[in-house]
Amino acid sequence: MSVKDIFEVAKKDYEKWGIDVEKALETLKQVPVSIHCWQGDDITGFEVNQRELSGGIDVTGDYPGKATTPEQLRMDLEKALSLIPGKHRVNLHAIYAETNGVEVERDELQPKHFENWVNWAKEQGLGLDFNPTLFSHEKAADGLTLAHPDEEIRKFWIAHCKVSRKIGEYFGRELGTPSLTNIWIPDGYKDIPSDRLTPRKHLKEALNEIFAEEIDEKYNLDAVESKVFGIGSESYVVGSHEFYLSYALQNNKLCLLDTGHYHPTETVSNKISSMLLFNEKLALHVSRPVRWDSDHVVILDDELKEISLEIVRNDALDRVIIGLDFFDASINRVAAWTIGTRNMIKSLLYALLMPNEKLKKLQEEGNFTERLALLEEFKTYPFGAIWDYYCEQMGVPVKESWLEEVKRYEEEELLNRT
Ligand code: RNT
Ligand code: ZN
């Protein structure tokens, strides 16, 4: 039986519940996932003065073939994108600027340093997102940036964030889709602080300065990303969830939730509905924290499905901006992108194929037996057959056949890199 034949049979199972499978696929096609460029080169970037990764995040592994030039990184992204169904976005960091061998400090970056990325995005039909890079730098060596006690250091990072928003605006103007410019800072303390308020006051004032200039939301959207701890900031993180949740609400910014940035039994899926009631939009960094904020490749686990269910059943596909954030250097990096992104999309399809209205009604009626029974039975509905058909329709490899492509690419390209 062909993929299409199997699909036709599977579709009937869903139709019994009034689920319009074709419509679900149409909806899925419209959902962009922002793919982080940094999986391709272990967050190294292309600065002339390359610094070691810092900021309390870490990449482990030495799988061969890492991209070391912008051309290689774009080529690898193209390979991954050819294996992922749908039209998506690419998320850049300031360290991915191209400055022609000239050292340009981060507070002096300009849109022109991202011209190659924009031209490439136009060619590929992609949107671009952006992040100022407030780590891997001597001015962040003590793990403090926007909340630093030294005003000069704060000023430097404020200037960097300001130019970053202009770069985001440039992306949005050129590509016709707003850039999400997300600020994440590593600031915190290894040991118990004697003053928690002052650093947070510095951060609040720094953000106010950064956002002082109005930028049209048609071109740029600002987000702030919180965290609970990092390596070297185990006892205190300045930009905590409460801090940014309050800041975002008061200042009409997007709160960005990274799934690795909460306590182990706290889930992002359970936060989305609350935030939807008070925020017009919110943003995600979907990651996989294994025991800590380890940024493993996203798998199709229960929490991923639950996140997608919360987005879909609350009709929030255009209010929750989905981005990915993982980095694994112990496996083929193109495969890592492909696996993680395909899983994100799969989970959205899974959610779109649930009888969400029926399930809500059962809860309202207090029919918890049927609610549990259906939620469980749908786990083994022929979801894979719908997914395969979607991949075929979108012109990307079906099932694990994408792996052959990656293996060929590894042999022909990645293993030849020195
Ligand atoms: C760090 C944050 C942040 C980074 C990227 C590289 O804990 O998750 O989003 O991973 O900006
Ligand atoms: Zn993140």
# chains A, B, ... in the order shown; residues from 1 in each chain; ligands from 1
>>> residues_around(residues="Ile153 of chain A", least_positions_apart="4", cutoff="12 Å", atoms="only C-alpha atoms", output="list in words")
Asp107, Leu134, His137, Glu138, Lys139, Ala140, Ala141, Asp142, Gly143, Leu144, Thr145, Leu146, Ala147, His148, Pro149, Trp157, Ile158, Ala159, His160, His202 and Ala206 of chain A
>>> write_last_selection(atoms="N, CA, C and O atoms", output="PDB file, in the first residue's frame")
ATOM      1  N   ASP A 107      28.860  46.317  20.329  1.00  0.00           N
ATOM      2  CA  ASP A 107      27.999  47.509  20.437  1.00  0.00           C
ATOM      3  C   ASP A 107      28.028  48.339  19.151  1.00  0.00           C
ATOM      4  O   ASP A 107      27.369  49.369  19.064  1.00  0.00           O
ATOM      5  N   LEU A 134      25.021  38.098  24.863  1.00  0.00           N
ATOM      6  CA  LEU A 134      25.569  38.668  26.102  1.00  0.00           C
ATOM      7  C   LEU A 134      26.348  37.617  26.890  1.00  0.00           C
ATOM      8  O   LEU A 134      26.158  37.456  28.096  1.00  0.00           O
ATOM      9  N   HIS A 137      32.344  36.589  26.123  1.00  0.00           N
ATOM     10  CA  HIS A 137      32.947  37.907  25.906  1.00  0.00           C
ATOM     11  C   HIS A 137      33.650  38.349  27.198  1.00  0.00           C
ATOM     12  O   HIS A 137      33.135  38.081  28.290  1.00  0.00           O
ATOM     13  N   GLU A 138      34.763  39.061  27.036  1.00  0.00           N
ATOM     14  CA  GLU A 138      35.515  39.481  28.240  1.00  0.00           C
ATOM     15  C   GLU A 138      34.706  40.421  29.121  1.00  0.00           C
ATOM     16  O   GLU A 138      34.879  40.447  30.344  1.00  0.00           O
ATOM     17  N   LYS A 139      33.781  41.170  28.536  1.00  0.00           N
ATOM     18  CA  LYS A 139      32.967  42.065  29.376  1.00  0.00           C
ATOM     19  C   LYS A 139      31.835  41.310  30.092  1.00  0.00           C
ATOM     20  O   LYS A 139      31.029  41.917  30.797  1.00  0.00           O
ATOM     21  N   ALA A 140      31.785  40.000  29.879  1.00  0.00           N
ATOM     22  CA  ALA A 140      30.802  39.176  30.604  1.00  0.00           C
ATOM     23  C   ALA A 140      31.533  38.096  31.401  1.00  0.00           C
ATOM     24  O   ALA A 140      30.937  37.109  31.828  1.00  0.00           O
ATOM     25  N   ALA A 141      32.835  38.303  31.576  1.00  0.00           N
ATOM     26  CA  ALA A 141      33.686  37.253  32.164  1.00  0.00           C
ATOM     27  C   ALA A 141      33.266  36.873  33.577  1.00  0.00           C
ATOM     28  O   ALA A 141      33.396  35.728  33.989  1.00  0.00           O
ATOM     29  N   ASP A 142      32.749  37.840  34.330  1.00  0.00           N
ATOM     30  CA  ASP A 142      32.330  37.503  35.695  1.00  0.00           C
ATOM     31  C   ASP A 142      30.851  37.109  35.749  1.00  0.00           C
ATOM     32  O   ASP A 142      30.246  37.067  36.811  1.00  0.00           O
ATOM     33  N   GLY A 143      30.290  36.840  34.592  1.00  0.00           N
ATOM     34  CA  GLY A 143      28.913  36.356  34.554  1.00  0.00           C
ATOM     35  C   GLY A 143      27.865  37.432  34.752  1.00  0.00           C
ATOM     36  O   GLY A 143      26.702  37.140  35.023  1.00  0.00           O
ATOM     37  N   LEU A 144      28.257  38.686  34.608  1.00  0.00           N
ATOM     38  CA  LEU A 144      27.296  39.780  34.766  1.00  0.00           C
ATOM     39  C   LEU A 144      27.358  40.696  33.552  1.00  0.00           C
ATOM     40  O   LEU A 144      28.443  40.975  33.022  1.00  0.00           O
ATOM     41  N   THR A 145      26.198  41.160  33.101  1.00  0.00           N
ATOM     42  CA  THR A 145      26.153  42.035  31.915  1.00  0.00           C
ATOM     43  C   THR A 145      25.259  43.247  32.203  1.00  0.00           C
ATOM     44  O   THR A 145      25.699  44.234  32.752  1.00  0.00           O
ATOM     45  N   LEU A 146      23.990  43.122  31.887  1.00  0.00           N
ATOM     46  CA  LEU A 146      23.057  44.253  32.083  1.00  0.00           C
ATOM     47  C   LEU A 146      22.832  44.575  33.557  1.00  0.00           C
ATOM     48  O   LEU A 146      22.346  45.650  33.894  1.00  0.00           O
ATOM     49  N   ALA A 147      23.166  43.624  34.436  1.00  0.00           N
ATOM     50  CA  ALA A 147      22.967  43.845  35.875  1.00  0.00           C
ATOM     51  C   ALA A 147      24.291  44.061  36.583  1.00  0.00           C
ATOM     52  O   ALA A 147      24.379  43.973  37.808  1.00  0.00           O
ATOM     53  N   HIS A 148      25.335  44.326  35.812  1.00  0.00           N
ATOM     54  CA  HIS A 148      26.678  44.496  36.392  1.00  0.00           C
ATOM     55  C   HIS A 148      26.725  45.714  37.315  1.00  0.00           C
ATOM     56  O   HIS A 148      26.120  46.741  37.012  1.00  0.00           O
ATOM     57  N   PRO A 149      27.467  45.623  38.429  1.00  0.00           N
ATOM     58  CA  PRO A 149      27.578  46.804  39.301  1.00  0.00           C
ATOM     59  C   PRO A 149      28.308  47.963  38.616  1.00  0.00           C
ATOM     60  O   PRO A 149      28.098  49.121  38.978  1.00  0.00           O
ATOM     61  N   TRP A 157      26.651  46.750  27.242  1.00  0.00           N
ATOM     62  CA  TRP A 157      25.660  45.732  26.883  1.00  0.00           C
ATOM     63  C   TRP A 157      24.324  46.366  26.487  1.00  0.00           C
ATOM     64  O   TRP A 157      23.605  45.834  25.637  1.00  0.00           O
ATOM     65  N   ILE A 158      24.017  47.503  27.088  1.00  0.00           N
ATOM     66  CA  ILE A 158      22.797  48.216  26.677  1.00  0.00           C
ATOM     67  C   ILE A 158      22.932  48.622  25.206  1.00  0.00           C
ATOM     68  O   ILE A 158      22.022  48.410  24.393  1.00  0.00           O
ATOM     69  N   ALA A 159      24.116  49.148  24.878  1.00  0.00           N
ATOM     70  CA  ALA A 159      24.354  49.562  23.481  1.00  0.00           C
ATOM     71  C   ALA A 159      24.254  48.344  22.548  1.00  0.00           C
ATOM     72  O   ALA A 159      23.691  48.434  21.453  1.00  0.00           O
ATOM     73  N   HIS A 160      24.785  47.222  22.995  1.00  0.00           N
ATOM     74  CA  HIS A 160      24.704  46.010  22.159  1.00  0.00           C
ATOM     75  C   HIS A 160      23.242  45.601  21.913  1.00  0.00           C
ATOM     76  O   HIS A 160      22.857  45.253  20.793  1.00  0.00           O
ATOM     77  N   HIS A 202      19.081  47.247  38.423  1.00  0.00           N
ATOM     78  CA  HIS A 202      19.939  47.573  37.272  1.00  0.00           C
ATOM     79  C   HIS A 202      19.343  46.984  35.993  1.00  0.00           C
ATOM     80  O   HIS A 202      19.299  47.635  34.960  1.00  0.00           O
ATOM     81  N   ALA A 206      18.137  48.970  32.759  1.00  0.00           N
ATOM     82  CA  ALA A 206      18.818  48.703  31.483  1.00  0.00           C
ATOM     83  C   ALA A 206      17.786  48.377  30.400  1.00  0.00           C
ATOM     84  O   ALA A 206      17.851  48.904  29.281  1.00  0.00           O
TER      85      ALA A 206
END
>>> residues_near_ligand(ligand="ligand 1", cutoff="6 Å", atoms="only C-alpha atoms and all ligand atoms", output="list in words")
Ile57, Trp184 and Asp325 of chain A
>>> write_last_selection(atoms="N, CA and C atoms", output="PDB file, in the first residue's frame")
ATOM      1  N   ILE A  57      26.307  28.136  30.016  1.00  0.00           N
ATOM      2  CA  ILE A  57      25.717  27.116  29.140  1.00  0.00           C
ATOM      3  C   ILE A  57      26.876  26.293  28.577  1.00  0.00           C
ATOM      4  N   TRP A 184      18.462  37.325  26.260  1.00  0.00           N
ATOM      5  CA  TRP A 184      18.763  36.434  27.382  1.00  0.00           C
ATOM      6  C   TRP A 184      20.129  36.836  27.934  1.00  0.00           C
ATOM      7  N   ASP A 325      15.620  25.524  20.912  1.00  0.00           N
ATOM      8  CA  ASP A 325      16.898  25.854  21.538  1.00  0.00           C
ATOM      9  C   ASP A 325      17.530  24.597  22.128  1.00  0.00           C
TER      10      ASP A 325
END
>>> select_by_dssp(residues="segment 256-355 of chain A", states="helix (DSSP H, G or I)", output="PyMOL selection string")
chain A and resi 269-278+302-313+333-352
>>> write_last_selection(atoms="C-alpha atoms", output="PDB file, in the first residue's frame")
ATOM      1  CA  SER A 269       2.718  23.342  29.161  1.00  0.00           C
ATOM      2  CA  ASN A 270       0.981  24.296  32.382  1.00  0.00           C
ATOM      3  CA  LYS A 271       1.990  27.951  32.084  1.00  0.00           C
ATOM      4  CA  ILE A 272       0.718  28.681  28.585  1.00  0.00           C
ATOM      5  CA  SER A 273      -2.997  29.003  29.409  1.00  0.00           C
ATOM      6  CA  SER A 274      -2.340  31.395  32.291  1.00  0.00           C
ATOM      7  CA  MET A 275      -0.134  33.548  30.160  1.00  0.00           C
ATOM      8  CA  LEU A 276      -2.598  33.582  27.285  1.00  0.00           C
ATOM      9  CA  LEU A 277      -5.139  35.217  29.558  1.00  0.00           C
ATOM     10  CA  PHE A 278      -2.881  38.168  30.268  1.00  0.00           C
ATOM     11  CA  ASP A 302       4.693  13.757  26.694  1.00  0.00           C
ATOM     12  CA  GLU A 303       5.638  17.308  27.588  1.00  0.00           C
ATOM     13  CA  LEU A 304       6.220  18.264  23.966  1.00  0.00           C
ATOM     14  CA  LYS A 305       2.788  16.904  23.039  1.00  0.00           C
ATOM     15  CA  GLU A 306       1.244  18.692  25.994  1.00  0.00           C
ATOM     16  CA  ILE A 307       2.795  22.015  24.928  1.00  0.00           C
ATOM     17  CA  SER A 308       1.388  21.612  21.438  1.00  0.00           C
ATOM     18  CA  LEU A 309      -1.994  20.584  22.803  1.00  0.00           C
ATOM     19  CA  GLU A 310      -2.119  23.734  24.913  1.00  0.00           C
ATOM     20  CA  ILE A 311      -1.311  25.893  21.890  1.00  0.00           C
ATOM     21  CA  VAL A 312      -3.780  24.159  19.587  1.00  0.00           C
ATOM     22  CA  ARG A 313      -6.725  23.596  21.921  1.00  0.00           C
ATOM     23  CA  ARG A 333      24.365  18.294  13.735  1.00  0.00           C
ATOM     24  CA  VAL A 334      22.186  18.248  10.633  1.00  0.00           C
ATOM     25  CA  ALA A 335      20.452  15.179  12.048  1.00  0.00           C
ATOM     26  CA  ALA A 336      20.002  16.982  15.379  1.00  0.00           C
ATOM     27  CA  TRP A 337      18.185  19.864  13.664  1.00  0.00           C
ATOM     28  CA  THR A 338      16.117  17.454  11.599  1.00  0.00           C
ATOM     29  CA  ILE A 339      15.083  15.253  14.516  1.00  0.00           C
ATOM     30  CA  GLY A 340      14.244  18.127  16.851  1.00  0.00           C
ATOM     31  CA  THR A 341      12.349  20.195  14.303  1.00  0.00           C
ATOM     32  CA  ARG A 342      10.439  17.262  12.840  1.00  0.00           C
ATOM     33  CA  ASN A 343       9.407  16.360  16.384  1.00  0.00           C
ATOM     34  CA  MET A 344       8.160  19.861  17.096  1.00  0.00           C
ATOM     35  CA  ILE A 345       6.033  19.743  13.943  1.00  0.00           C
ATOM     36  CA  LYS A 346       4.887  16.179  14.691  1.00  0.00           C
ATOM     37  CA  SER A 347       3.662  17.239  18.111  1.00  0.00           C
ATOM     38  CA  LEU A 348       1.629  20.059  16.551  1.00  0.00           C
ATOM     39  CA  LEU A 349       0.050  17.592  14.154  1.00  0.00           C
ATOM     40  CA  TYR A 350      -0.690  15.252  17.041  1.00  0.00           C
ATOM     41  CA  ALA A 351      -2.481  18.096  18.798  1.00  0.00           C
ATOM     42  CA  LEU A 352      -4.383  19.122  15.676  1.00  0.00           C
TER      43      LEU A 352
END
>>> residues_near_ligand(ligand="ligand 2", cutoff="12 Å", atoms="only C-alpha atoms and all ligand atoms", output="PyMOL selection string")
chain A and resi 35-36+38+57+91+93+131+133+182-186+223-228+230+255-262+283-289+293-296+322-327
>>> write_last_selection(atoms="N, CA and C atoms", output="tab-separated table (two decimals), in the first residue's frame")
chain	number	residue	atom	x	y	z
A	35	ILE	N	14.10	27.97	13.76
A	35	ILE	CA	15.18	27.01	13.95
A	35	ILE	C	16.46	27.77	14.31
A	36	HIS	N	17.03	27.43	15.43
A	36	HIS	CA	18.21	28.12	15.94
A	36	HIS	C	19.46	27.72	15.16
A	38	TRP	N	22.45	27.99	15.97
A	38	TRP	CA	23.60	27.61	16.80
A	38	TRP	C	23.78	26.11	17.04
A	57	ILE	N	26.31	28.14	30.02
A	57	ILE	CA	25.72	27.12	29.14
A	57	ILE	C	26.88	26.29	28.58
A	91	ASN	N	16.85	31.39	13.38
A	91	ASN	CA	17.13	32.25	14.52
A	91	ASN	C	18.64	32.47	14.63
A	93	HIS	N	22.16	34.71	16.19
A	93	HIS	CA	22.72	35.39	17.35
A	93	HIS	C	23.67	36.45	16.80
A	131	ASN	N	19.03	37.48	18.27
A	131	ASN	CA	19.38	37.51	19.69
A	131	ASN	C	20.68	38.29	19.88
A	133	THR	N	24.09	38.81	21.77
A	133	THR	CA	24.89	37.78	22.46
A	133	THR	C	25.56	38.39	23.68
A	182	ASN	N	15.23	38.49	20.93
A	182	ASN	CA	15.11	37.95	22.28
A	182	ASN	C	16.36	38.23	23.11
A	183	ILE	N	16.13	38.81	24.28
A	183	ILE	CA	17.27	39.09	25.17
A	183	ILE	C	17.35	38.03	26.26
A	184	TRP	N	18.46	37.33	26.26
A	184	TRP	CA	18.76	36.43	27.38
A	184	TRP	C	20.13	36.84	27.93
A	185	ILE	N	20.21	36.99	29.25
A	185	ILE	CA	21.49	37.32	29.88
A	185	ILE	C	21.83	36.25	30.91
A	186	PRO	N	23.12	36.01	31.12
A	186	PRO	CA	23.50	34.95	32.06
A	186	PRO	C	23.52	35.42	33.52
A	223	ALA	N	11.48	40.21	22.95
A	223	ALA	CA	11.18	39.19	23.95
A	223	ALA	C	12.27	39.20	25.02
A	224	VAL	N	11.90	38.73	26.20
A	224	VAL	CA	12.87	38.60	27.30
A	224	VAL	C	12.77	37.17	27.85
A	225	GLU	N	13.92	36.53	28.04
A	225	GLU	CA	13.95	35.11	28.41
A	225	GLU	C	14.50	34.91	29.83
A	226	SER	N	13.74	34.26	30.65
A	226	SER	CA	14.13	34.05	32.04
A	226	SER	C	14.86	32.72	32.22
A	227	LYS	N	15.35	32.52	33.41
A	227	LYS	CA	16.06	31.28	33.72
A	227	LYS	C	16.03	31.05	35.23
A	228	VAL	N	16.21	29.80	35.63
A	228	VAL	CA	16.18	29.52	37.06
A	228	VAL	C	17.58	29.37	37.65
A	230	GLY	N	22.07	28.61	36.21
A	230	GLY	CA	23.02	28.20	35.18
A	230	GLY	C	24.29	27.72	35.87
A	255	CYS	N	7.14	37.58	26.82
A	255	CYS	CA	7.85	36.77	27.78
A	255	CYS	C	8.23	35.49	27.04
A	256	LEU	N	9.51	35.12	27.08
A	256	LEU	CA	9.92	33.89	26.40
A	256	LEU	C	10.23	32.81	27.42
A	257	LEU	N	9.57	31.67	27.24
A	257	LEU	CA	9.73	30.54	28.17
A	257	LEU	C	10.58	29.46	27.51
A	258	ASP	N	11.73	29.19	28.10
A	258	ASP	CA	12.58	28.10	27.63
A	258	ASP	C	12.22	26.89	28.49
A	259	THR	N	11.95	25.76	27.83
A	259	THR	CA	11.45	24.59	28.58
A	259	THR	C	12.51	24.00	29.53
A	260	GLY	N	13.76	24.44	29.39
A	260	GLY	CA	14.81	23.96	30.30
A	260	GLY	C	15.06	24.90	31.46
A	261	HIS	N	14.27	25.97	31.55
A	261	HIS	CA	14.59	27.02	32.52
A	261	HIS	C	13.68	27.06	33.74
A	262	TYR	N	13.13	25.90	34.10
A	262	TYR	CA	12.25	25.85	35.28
A	262	TYR	C	12.66	24.70	36.17
A	283	ALA	N	6.40	33.68	23.74
A	283	ALA	CA	7.35	32.97	22.89
A	283	ALA	C	7.94	31.78	23.63
A	284	LEU	N	8.38	30.80	22.87
A	284	LEU	CA	8.96	29.59	23.47
A	284	LEU	C	10.34	29.29	22.91
A	285	HIS	N	11.19	28.74	23.77
A	285	HIS	CA	12.39	28.03	23.34
A	285	HIS	C	12.12	26.59	23.73
A	286	VAL	N	11.80	25.78	22.75
A	286	VAL	CA	11.54	24.39	23.07
A	286	VAL	C	12.88	23.65	23.09
A	287	SER	N	13.15	22.99	24.20
A	287	SER	CA	14.41	22.32	24.43
A	287	SER	C	14.10	21.01	25.16
A	288	ARG	N	15.14	20.26	25.57
A	288	ARG	CA	14.88	19.09	26.40
A	288	ARG	C	15.89	19.04	27.54
A	289	PRO	N	15.43	19.38	28.73
A	289	PRO	CA	16.34	19.38	29.87
A	289	PRO	C	16.43	17.97	30.46
A	293	ASP	N	19.36	21.95	32.72
A	293	ASP	CA	19.14	22.68	31.48
A	293	ASP	C	20.15	22.23	30.43
A	294	SER	N	20.09	20.96	30.06
A	294	SER	CA	21.16	20.37	29.26
A	294	SER	C	21.01	20.59	27.77
A	295	ASP	N	19.87	21.11	27.34
A	295	ASP	CA	19.65	21.42	25.92
A	295	ASP	C	19.86	20.23	25.00
A	296	HIS	N	19.29	19.09	25.38
A	296	HIS	CA	19.29	17.92	24.49
A	296	HIS	C	18.33	18.15	23.33
A	322	ILE	N	6.85	29.91	18.26
A	322	ILE	CA	7.61	28.71	18.59
A	322	ILE	C	9.04	28.77	18.06
A	323	GLY	N	10.00	28.66	18.97
A	323	GLY	CA	11.40	28.59	18.59
A	323	GLY	C	12.04	27.40	19.27
A	324	LEU	N	13.15	26.94	18.73
A	324	LEU	CA	13.85	25.80	19.31
A	324	LEU	C	15.16	26.25	19.93
A	325	ASP	N	15.62	25.52	20.91
A	325	ASP	CA	16.90	25.85	21.54
A	325	ASP	C	17.53	24.60	22.13
A	326	PHE	N	18.33	23.92	21.30
A	326	PHE	CA	19.09	22.77	21.81
A	326	PHE	C	20.43	22.73	21.08
A	327	PHE	N	21.39	22.10	21.68
A	327	PHE	CA	22.69	21.99	21.02
A	327	PHE	C	23.41	20.76	21.50
>>> atom_distance(atom1="atom CA of Glu392 of chain A", atom2="atom CA of Gly86 of chain A")
11.4 Å
>>> atom_distance(atom1="atom CA of Asn116 of chain A", atom2="atom CA of Arg165 of chain A")
18.0 Å
>>> atom_distance(atom1="atom CA of Ala373 of chain A", atom2="atom CA of Thr267 of chain A")
23.0 Å
>>> residues_around(residues="Asn100 of chain A", least_positions_apart="6", cutoff="12 Å", atoms="only C-alpha atoms", output="list of chain:residue names")
A:Phe46, A:Glu47, A:Val48, A:Thr69, A:Pro70, A:Lys112, A:His113, A:Phe114, A:Glu115, A:Asn116
